[in-house]
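Worksheet: the structure to be examined is printed underneath.
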2 protein chains.
Amino acid sequence: MGSVGLVTPQQMHFSASLPLKSGARLSAYTLSYETYGTLNADRSNAVLVCHALNASHHVAGTHADGSVGWWDNLVGPGKALDTRRFFVIGVNNPGSCFGSTGPMHTDPASGRIYGAGFPVMTVEDWVDAQSRLVQQLGITQLAAVIGGSLGGMQALAWALRHPARVRHCIAVATAPNLSAQNIAFNEVARRAIVTDPDFHGGNFYAHGVVPQRGLSVARMLGHITYLSDDAMEAKFGRALKNGCLSYSTQDIEFQIESYLRHQGDKFSHSFDANTYLLITRALDYFDPALAHAGDLAQAFAVARAQRFLIVSFTTDWRFAPSRSREIVKALVDNRIAVSYAEIDAPHGHDAFLLDDARYHAVLRAYFERVASEAEVPR
Amino acid sequence: MGSVGLVTPQQMHFSASLPLKSGARLSAYTLSYETYGTLNADRSNAVLVCHALNASHHVAGTHADGSVGWWDNLVGPGKALDTRRFFVIGVNNPGSCFGSTGPMHTDPASGRIYGAGFPVMTVEDWVDAQSRLVQQLGITQLAAVIGGSLGGMQALAWALRHPARVRHCIAVATAPNLSAQNIAFNEVARRAIVTDPDFHGGNFYAHGVVPQRGLSVARMLGHITYLSDDAMEAKFGRALKNGCLSYSTQDIEFQIESYLRHQGDKFSHSFDANTYLLITRALDYFDPALAHAGDLAQAFAVARAQRFLIVSFTTDWRFAPSRSREIVKALVDNRIAVSYAEIDAPHGHDAFLLDDARYHAVLRAYFERVASEAEVPR
């Protein structure tokens with residue numbers, strides 16, 4: 001198994017505005033994307049990878065600056081999603097902060113930086129934006145669309161919004177909508193950001209500052225929900241930072257505090273505050289059953305994919321297995337073929353990014369099936 | 001069953017400084033407290049109630065301003081903790097913000113407001129402060145000490161620190177120490193507070209402001225951990241605030257957001273930021289097994305109470321039943337009598353404050369036993 005090696009991100013510009021679920025439109029915009037592997041002659045081997053909250057189009061391989069793709073353990077020659085057989089596409093969603101048009105860019109309509117005025121995006125809007133890019137690449141139908149967490153929601157939305165254009169839908173560690181508790185965590189993170197005086201109502205760019213305090217708190221909180229209670233206990237427990245207590249309310253005493261502060265600091269220097277708001281809102285809004293009076297089976301009645309693969313992790317308390325089972329049930333109710341794997345992994349929600357042997361074996365086997373159906377040569 | 005009626009808080013001053021676990025001392029201090037019922041002739045019917053994070057000495061009855069005690073559903077004539085039989089004491093811990101000496105008061109040593117300089121308190125320090133007050137009331141031995149959550153830790157600390165002075169120890173919805181995840185949530189809350197520019201390093205009193213933004217975020221986060229996922233789902237689900245979506249990253253869309261913001265706002269106007277830091281730190285520090293190389297059974301070897309009652313709630317994910325079972329095991333290992341009730345309640349951690357019939361029946365039966373042993377007349 002190898003790496004896809006050095007990767008250079010590409011950009012694609014769209015001069016036609018994108019109609020959004022909110023009723024607004026996203027003016028002319030640019031998407032950053034990467035591809036790995038080679039599109040075959042009949043263009044039947046394309047796999048779209050959808051990213052989650054803080055990831056990007058950089059799915060696999062290495063950038064010139066040394067940064068490795070977020071799903072590099074999964075995507076590459078000989079890996080579970082084998083780039084010798086598949087043409088893999090990663091797209092940075094609009095509103096994000098890794099190269100595609102986002103709140104830090106200038107609104108062509110007004111000539112001013114979008115800031116908090118960037119249109120509110122939904123999972124469906126992202127899928128529509130991705131769809132245009134996939135079409136521009138000359139791909140009529142995706143062999144598969146795959147994503148974890150918020151990326152899993154995009155994979156599901158593809159199957160519902162562009163049913164004929166998805167042969168296989170793979171949704172990992174996701175949910176058919178956020179629970180009240182999920183929304184609550186998002187809201188606390190958003191309040192931390194928007195009440196930071198350096199947020200300036202979202203127009204902090206003009207002030208030459210970023211709301212680091214709020215972003216840091218948001219990230220610390222997020223981290224807690226990505227890890228299982230047990231994984232955090234095993235990794236940190238009550239271990240002290242300096243070997244003994246200093247009896248202070250503000251200094252670091254425990255290693256878990258040190259870890260979280262470090263993660264928060266790092267994130268607050270690299271992530272955009274408006275993007276954080278936009279992406280957590282897209283999570284909140286995703287709810288395909290809403291238009292069907294809460295009936296998820298009715299929502300999935302339009303799906304035409306050959307098969308779905310739904311994967312959950314036992315210790316994921318952010319998107320628990322029971323939420324994945326709701327999706328499986330909705331598919332079964334529609335007599336749609338679905339494989340379901342509930343992986344006994346200790347890591348919590350983060351497991352979808354990690355190199356768990358059983359998890360990757362499931363994905364490898366599934367992509368074997370996708371490849372053999374598509375008659376993609378080995 | 002009746003109420004204890006109108007209650008007037010009392011104060012007791014201690015001119016001798018209190019030695020603290022940190023090595024520091026709390027200078028001369030005052031404690032606010034309340035009592036309900038009548039101390040019997042042999043002073044054998046006193047029950048001390050220890051409060052949790054944001055509660056106080058106001059356990060039962062009603063103040064002149066109409067505020068009802070936080071455990072009024074439990075404490076009163078004919079109630080589970082029957083004030084016709086028991087003399088019940090509630091004490092506000094030093095460092096809190098409800099009348100006892102705290103960070104908003106003047107340090108008699110320096111003549112300046114304590115602020116962030118208030119000495120760091122531990123659960124053991126609070127128990128020592130309570131012990132002095134109990135002694136001043138002429139009570140050599142408590143019939144029982146009871147508390148929930150952080151209050152439960154104080155009840156346990158009484159049994160370990162003043163073994164001969166506690167006949168019964170009742171610890172509800174608590175843990176023998178905080179997990180890494182528990183500490184992590186506390187740390188996020190503290191960071192939200194101390195990074196609020198209005199915190200001014202803890203000396204906000206001098207600036208005529210309070211760190212409302214940080215306190216509000218801290219409280220919102222706390223609330224999530226007090227409720228079970230299911231209870232939050234049942235109460236709020238994905239219900240919208242205004243019946244339809246407005247597609248906004250900053251406006252309230254979901255009722256759960258509205259609820260949390262309201263709780264945060266209310267709290268930020270009534271609670272002291274330094275107290276929040278002090279109390280969450282006391283939670284972090286509590287760890288009776290630490291001095292025994294992590295062996296909780298060894299820690300409990302000194303306990304002399306006639307019996308313990310440990311109560312947990314099935315849906316409490318802040319202090320899960322497994323944590324209570326660790327305490328039960330440590331007691332059993334020492335051949336100390338212990339009753340354990342795991343209450344199947346949907347409410348999460350908050351259940352210890354609520355009026356659950358099975359829970360209150362357990363407490364009622366237990367206090368019957370305490371009363372009959374003490375030959376307290378009905």
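Residues in the structure tokens are numbered from 1 in each chain, the chains being A, B, ... in the order shown, and ligands are numbered from 1 in the order shown.
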
Could you please tell me, as a count of residues only, which residues of chain A have an atom within 7 Å of chain B when using only C-alpha atoms? 30

Could you find all residues in segment 88-281 of chain B that DSSP calls strand (DSSP E) from the backbone, and write them as a list in words?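 Everything in segment 88-281 of chain B that counts as strand (DSSP E) is Val88, Ile89, Gly90, Val91, Ala144, Val145, Ile146, Gly147, Gly148, His168, Cys169, Ile170, Ala171 and Val172 of chain B.
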
Nearby residues (only C-alpha atoms) at most 8 Å from Val210 of chain B, same-chain spacing under 3 positions excluded, as a ChimeraX atom specification: /B:198-199,204-205,273

Of the candidates A:Val91, A:Val123, A:Val7, A:Val49, which one gets nearest to Gly66 of chain A if we count only C-alpha atoms? A:Val7

Need to verify the contact set: Thr101 of chain A, 7 Å, only C-alpha atoms, exclusion of same-chain residues closer than 5 positions in sequence. Can you return it as number ranges by chain? A: 29-31, 94-95

Determine, counting only C-alpha atoms, which protein, DNA and RNA residues have an atom within 9 Å of an atom of Ala351 of chain B; residues of the same chain fewer than 3 positions away are not included. Present the result as a short mmCIF file (atom, residue, chain, number, x, y, z; two decimals) with N, CA, C and O atoms, in the first residue's frame.
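New file selection01.cif:
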```
data_model
loop_
_atom_site.label_atom_id
_atom_site.label_comp_id
_atom_site.auth_asym_id
_atom_site.auth_seq_id
_atom_site.Cartn_x
_atom_site.Cartn_y
_atom_site.Cartn_z
N ALA B 173 -25.92 10.41 43.24
CA ALA B 173 -25.49 10.90 41.91
C ALA B 173 -24.09 11.50 41.96
O ALA B 173 -23.87 12.62 41.50
N TYR B 226 -26.20 18.10 32.54
CA TYR B 226 -27.14 17.76 33.62
C TYR B 226 -28.30 16.92 33.12
O TYR B 226 -28.97 16.23 33.88
N LEU B 227 -28.60 17.06 31.83
CA LEU B 227 -29.77 16.38 31.27
C LEU B 227 -29.33 15.16 30.48
O LEU B 227 -28.28 15.18 29.84
N PHE B 313 -28.48 7.19 39.15
CA PHE B 313 -29.59 7.24 38.19
C PHE B 313 -29.12 6.70 36.84
O PHE B 313 -28.06 7.11 36.34
N THR B 315 -29.72 7.15 33.75
CA THR B 315 -29.43 8.00 32.59
C THR B 315 -28.47 9.15 32.91
O THR B 315 -28.29 10.04 32.10
N ASP B 316 -27.87 9.11 34.10
CA ASP B 316 -26.91 10.14 34.48
C ASP B 316 -25.58 9.83 33.80
O ASP B 316 -24.87 8.90 34.18
N ALA B 345 -34.37 6.28 36.04
CA ALA B 345 -35.01 7.59 35.84
C ALA B 345 -34.52 8.19 34.53
O ALA B 345 -33.36 8.03 34.18
N PRO B 346 -35.39 8.87 33.82
CA PRO B 346 -35.01 9.36 32.49
C PRO B 346 -34.26 10.69 32.47
O PRO B 346 -33.78 11.10 31.43
N HIS B 347 -34.14 11.36 33.61
CA HIS B 347 -33.77 12.78 33.59
C HIS B 347 -32.29 13.08 33.54
O HIS B 347 -31.90 14.24 33.44
N GLY B 348 -31.44 12.06 33.67
CA GLY B 348 -30.01 12.35 33.71
C GLY B 348 -29.59 12.80 35.10
O GLY B 348 -30.25 12.49 36.10
N LEU B 354 -34.93 16.10 41.46
CA LEU B 354 -36.33 16.01 41.04
C LEU B 354 -37.13 15.07 41.94
O LEU B 354 -36.58 14.34 42.76
N ASP B 355 -38.41 15.11 41.71
CA ASP B 355 -39.35 14.45 42.61
C ASP B 355 -39.74 13.07 42.07
O ASP B 355 -40.89 12.83 41.79
N ASP B 356 -38.75 12.19 41.92
CA ASP B 356 -39.01 10.86 41.40
C ASP B 356 -39.51 9.97 42.54
O ASP B 356 -38.88 9.88 43.60
N TYR B 359 -37.14 7.15 43.81
CA TYR B 359 -35.97 7.76 44.45
C TYR B 359 -36.34 8.27 45.85
O TYR B 359 -35.67 7.94 46.84
#
```

What's around Gly152 of chain B at 8 Å? Count only C-alpha atoms, leave out sequence neighbours fewer than 4 positions away in its own chain, and write the answer as a PyMOL selection string. chain B and resi 50+146-148+156+170-175

Take the residues that were just selected and, keeping C-alpha atoms, output them as a CSV table (one decimal), in the first residue's frame.
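Final file, result39.csv:
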```csv
chain,number,residue,atom,x,y,z
B,50,CYS,CA,-24.3,19.5,51.5
B,146,ILE,CA,-26.4,13.8,52.7
B,147,GLY,CA,-25.6,15.4,49.4
B,148,GLY,CA,-26.0,15.0,45.6
B,156,LEU,CA,-18.2,10.9,51.4
B,170,ILE,CA,-25.9,9.3,51.9
B,171,ALA,CA,-24.2,10.1,48.6
B,172,VAL,CA,-26.5,10.6,45.6
B,173,ALA,CA,-25.5,10.9,41.9
B,174,THR,CA,-21.8,11.3,42.7
B,175,ALA,CA,-18.4,9.7,41.9
```

Using backbone DSSP assignments, extract all alpha helix (DSSP H) residues from segment 89-192 of chain B; output them as a VMD selection string. chain B and resid 123 to 136 150 to 161 180 to 192

I need the residues from that last selection saved to file as a JSON list (two decimals), in the first residue's frame (with N, CA and C atoms), if you can.
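Output file part-v9.json is given in full below:
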```json
[["chain", "number", "residue", "atom", "x", "y", "z"],
["B", 123, "VAL", "N", -13.04, 19.92, 48.53],
["B", 123, "VAL", "CA", -14.19, 19.31, 49.20],
["B", 123, "VAL", "C", -13.86, 19.10, 50.68],
["B", 124, "GLU", "N", -12.64, 18.70, 50.95],
["B", 124, "GLU", "CA", -12.23, 18.44, 52.35],
["B", 124, "GLU", "C", -12.24, 19.75, 53.15],
["B", 125, "ASP", "N", -11.83, 20.84, 52.54],
["B", 125, "ASP", "CA", -11.83, 22.13, 53.24],
["B", 125, "ASP", "C", -13.26, 22.54, 53.59],
["B", 126, "TRP", "N", -14.17, 22.31, 52.66],
["B", 126, "TRP", "CA", -15.57, 22.64, 52.93],
["B", 126, "TRP", "C", -16.10, 21.82, 54.10],
["B", 127, "VAL", "N", -15.75, 20.54, 54.08],
["B", 127, "VAL", "CA", -16.21, 19.65, 55.16],
["B", 127, "VAL", "C", -15.66, 20.13, 56.50],
["B", 128, "ASP", "N", -14.43, 20.58, 56.50],
["B", 128, "ASP", "CA", -13.85, 21.09, 57.75],
["B", 128, "ASP", "C", -14.57, 22.36, 58.21],
["B", 129, "ALA", "N", -14.92, 23.21, 57.26],
["B", 129, "ALA", "CA", -15.66, 24.44, 57.61],
["B", 129, "ALA", "C", -17.04, 24.08, 58.16],
["B", 130, "GLN", "N", -17.70, 23.12, 57.49],
["B", 130, "GLN", "CA", -19.02, 22.68, 57.96],
["B", 130, "GLN", "C", -18.90, 22.07, 59.36],
["B", 131, "SER", "N", -17.82, 21.35, 59.57],
["B", 131, "SER", "CA", -17.61, 20.65, 60.85],
["B", 131, "SER", "C", -17.52, 21.65, 62.01],
["B", 132, "ARG", "N", -16.83, 22.73, 61.78],
["B", 132, "ARG", "CA", -16.76, 23.77, 62.83],
["B", 132, "ARG", "C", -18.14, 24.32, 63.15],
["B", 133, "LEU", "N", -18.92, 24.53, 62.11],
["B", 133, "LEU", "CA", -20.27, 25.08, 62.32],
["B", 133, "LEU", "C", -21.14, 24.09, 63.09],
["B", 134, "VAL", "N", -21.06, 22.83, 62.68],
["B", 134, "VAL", "CA", -21.84, 21.79, 63.35],
["B", 134, "VAL", "C", -21.46, 21.70, 64.83],
["B", 135, "GLN", "N", -20.16, 21.80, 65.09],
["B", 135, "GLN", "CA", -19.69, 21.78, 66.47],
["B", 135, "GLN", "C", -20.23, 22.97, 67.27],
["B", 136, "GLN", "N", -20.21, 24.13, 66.64],
["B", 136, "GLN", "CA", -20.72, 25.34, 67.29],
["B", 136, "GLN", "C", -22.20, 25.19, 67.64],
["B", 150, "LEU", "N", -21.71, 17.12, 43.62],
["B", 150, "LEU", "CA", -20.62, 17.65, 44.44],
["B", 150, "LEU", "C", -20.97, 17.55, 45.93],
["B", 151, "GLY", "N", -22.26, 17.66, 46.26],
["B", 151, "GLY", "CA", -22.70, 17.48, 47.65],
["B", 151, "GLY", "C", -22.47, 16.06, 48.14],
["B", 152, "GLY", "N", -22.61, 15.10, 47.23],
["B", 152, "GLY", "CA", -22.34, 13.70, 47.57],
["B", 152, "GLY", "C", -20.87, 13.48, 47.89],
["B", 153, "MET", "N", -20.01, 14.19, 47.17],
["B", 153, "MET", "CA", -18.57, 14.10, 47.47],
["B", 153, "MET", "C", -18.30, 14.61, 48.88],
["B", 154, "GLN", "N", -18.99, 15.69, 49.28],
["B", 154, "GLN", "CA", -18.82, 16.21, 50.63],
["B", 154, "GLN", "C", -19.31, 15.20, 51.67],
["B", 155, "ALA", "N", -20.41, 14.53, 51.37],
["B", 155, "ALA", "CA", -20.91, 13.50, 52.30],
["B", 155, "ALA", "C", -19.86, 12.40, 52.47],
["B", 156, "LEU", "N", -19.27, 11.97, 51.35],
["B", 156, "LEU", "CA", -18.24, 10.94, 51.43],
["B", 156, "LEU", "C", -17.02, 11.46, 52.22],
["B", 157, "ALA", "N", -16.65, 12.71, 51.96],
["B", 157, "ALA", "CA", -15.47, 13.28, 52.64],
["B", 157, "ALA", "C", -15.70, 13.38, 54.15],
["B", 158, "TRP", "N", -16.95, 13.66, 54.55],
["B", 158, "TRP", "CA", -17.27, 13.65, 55.98],
["B", 158, "TRP", "C", -16.96, 12.29, 56.60],
["B", 159, "ALA", "N", -17.40, 11.24, 55.89],
["B", 159, "ALA", "CA", -17.23, 9.88, 56.43],
["B", 159, "ALA", "C", -15.76, 9.50, 56.51],
["B", 160, "LEU", "N", -14.93, 10.12, 55.67],
["B", 160, "LEU", "CA", -13.50, 9.78, 55.64],
["B", 160, "LEU", "C", -12.69, 10.68, 56.56],
["B", 161, "ARG", "N", -13.14, 11.91, 56.73],
["B", 161, "ARG", "CA", -12.34, 12.92, 57.42],
["B", 161, "ARG", "C", -12.75, 13.06, 58.88],
["B", 180, "ALA", "N", -11.69, 11.98, 33.14],
["B", 180, "ALA", "CA", -11.05, 12.93, 32.23],
["B", 180, "ALA", "C", -12.11, 13.76, 31.50],
["B", 181, "GLN", "N", -13.20, 13.11, 31.10],
["B", 181, "GLN", "CA", -14.26, 13.84, 30.39],
["B", 181, "GLN", "C", -14.91, 14.88, 31.31],
["B", 182, "ASN", "N", -15.15, 14.51, 32.56],
["B", 182, "ASN", "CA", -15.72, 15.46, 33.52],
["B", 182, "ASN", "C", -14.81, 16.68, 33.66],
["B", 183, "ILE", "N", -13.52, 16.43, 33.85],
["B", 183, "ILE", "CA", -12.56, 17.53, 34.00],
["B", 183, "ILE", "C", -12.56, 18.38, 32.73],
["B", 184, "ALA", "N", -12.64, 17.71, 31.59],
["B", 184, "ALA", "CA", -12.61, 18.41, 30.30],
["B", 184, "ALA", "C", -13.77, 19.40, 30.20],
["B", 185, "PHE", "N", -14.97, 18.97, 30.56],
["B", 185, "PHE", "CA", -16.11, 19.89, 30.52],
["B", 185, "PHE", "C", -15.88, 21.07, 31.47],
["B", 186, "ASN", "N", -15.36, 20.80, 32.67],
["B", 186, "ASN", "CA", -15.07, 21.90, 33.60],
["B", 186, "ASN", "C", -14.07, 22.88, 33.01],
["B", 187, "GLU", "N", -13.07, 22.33, 32.36],
["B", 187, "GLU", "CA", -12.00, 23.18, 31.80],
["B", 187, "GLU", "C", -12.54, 24.07, 30.68],
["B", 188, "VAL", "N", -13.41, 23.53, 29.84],
["B", 188, "VAL", "CA", -14.00, 24.35, 28.78],
["B", 188, "VAL", "C", -14.79, 25.51, 29.40],
["B", 189, "ALA", "N", -15.56, 25.19, 30.43],
["B", 189, "ALA", "CA", -16.34, 26.23, 31.11],
["B", 189, "ALA", "C", -15.42, 27.29, 31.71],
["B", 190, "ARG", "N", -14.35, 26.85, 32.35],
["B", 190, "ARG", "CA", -13.42, 27.81, 32.96],
["B", 190, "ARG", "C", -12.76, 28.69, 31.90],
["B", 191, "ARG", "N", -12.37, 28.07, 30.78],
["B", 191, "ARG", "CA", -11.73, 28.85, 29.71],
["B", 191, "ARG", "C", -12.70, 29.90, 29.18],
["B", 192, "ALA", "N", -13.96, 29.52, 29.04],
["B", 192, "ALA", "CA", -14.95, 30.49, 28.56],
["B", 192, "ALA", "C", -14.99, 31.69, 29.50]]
```
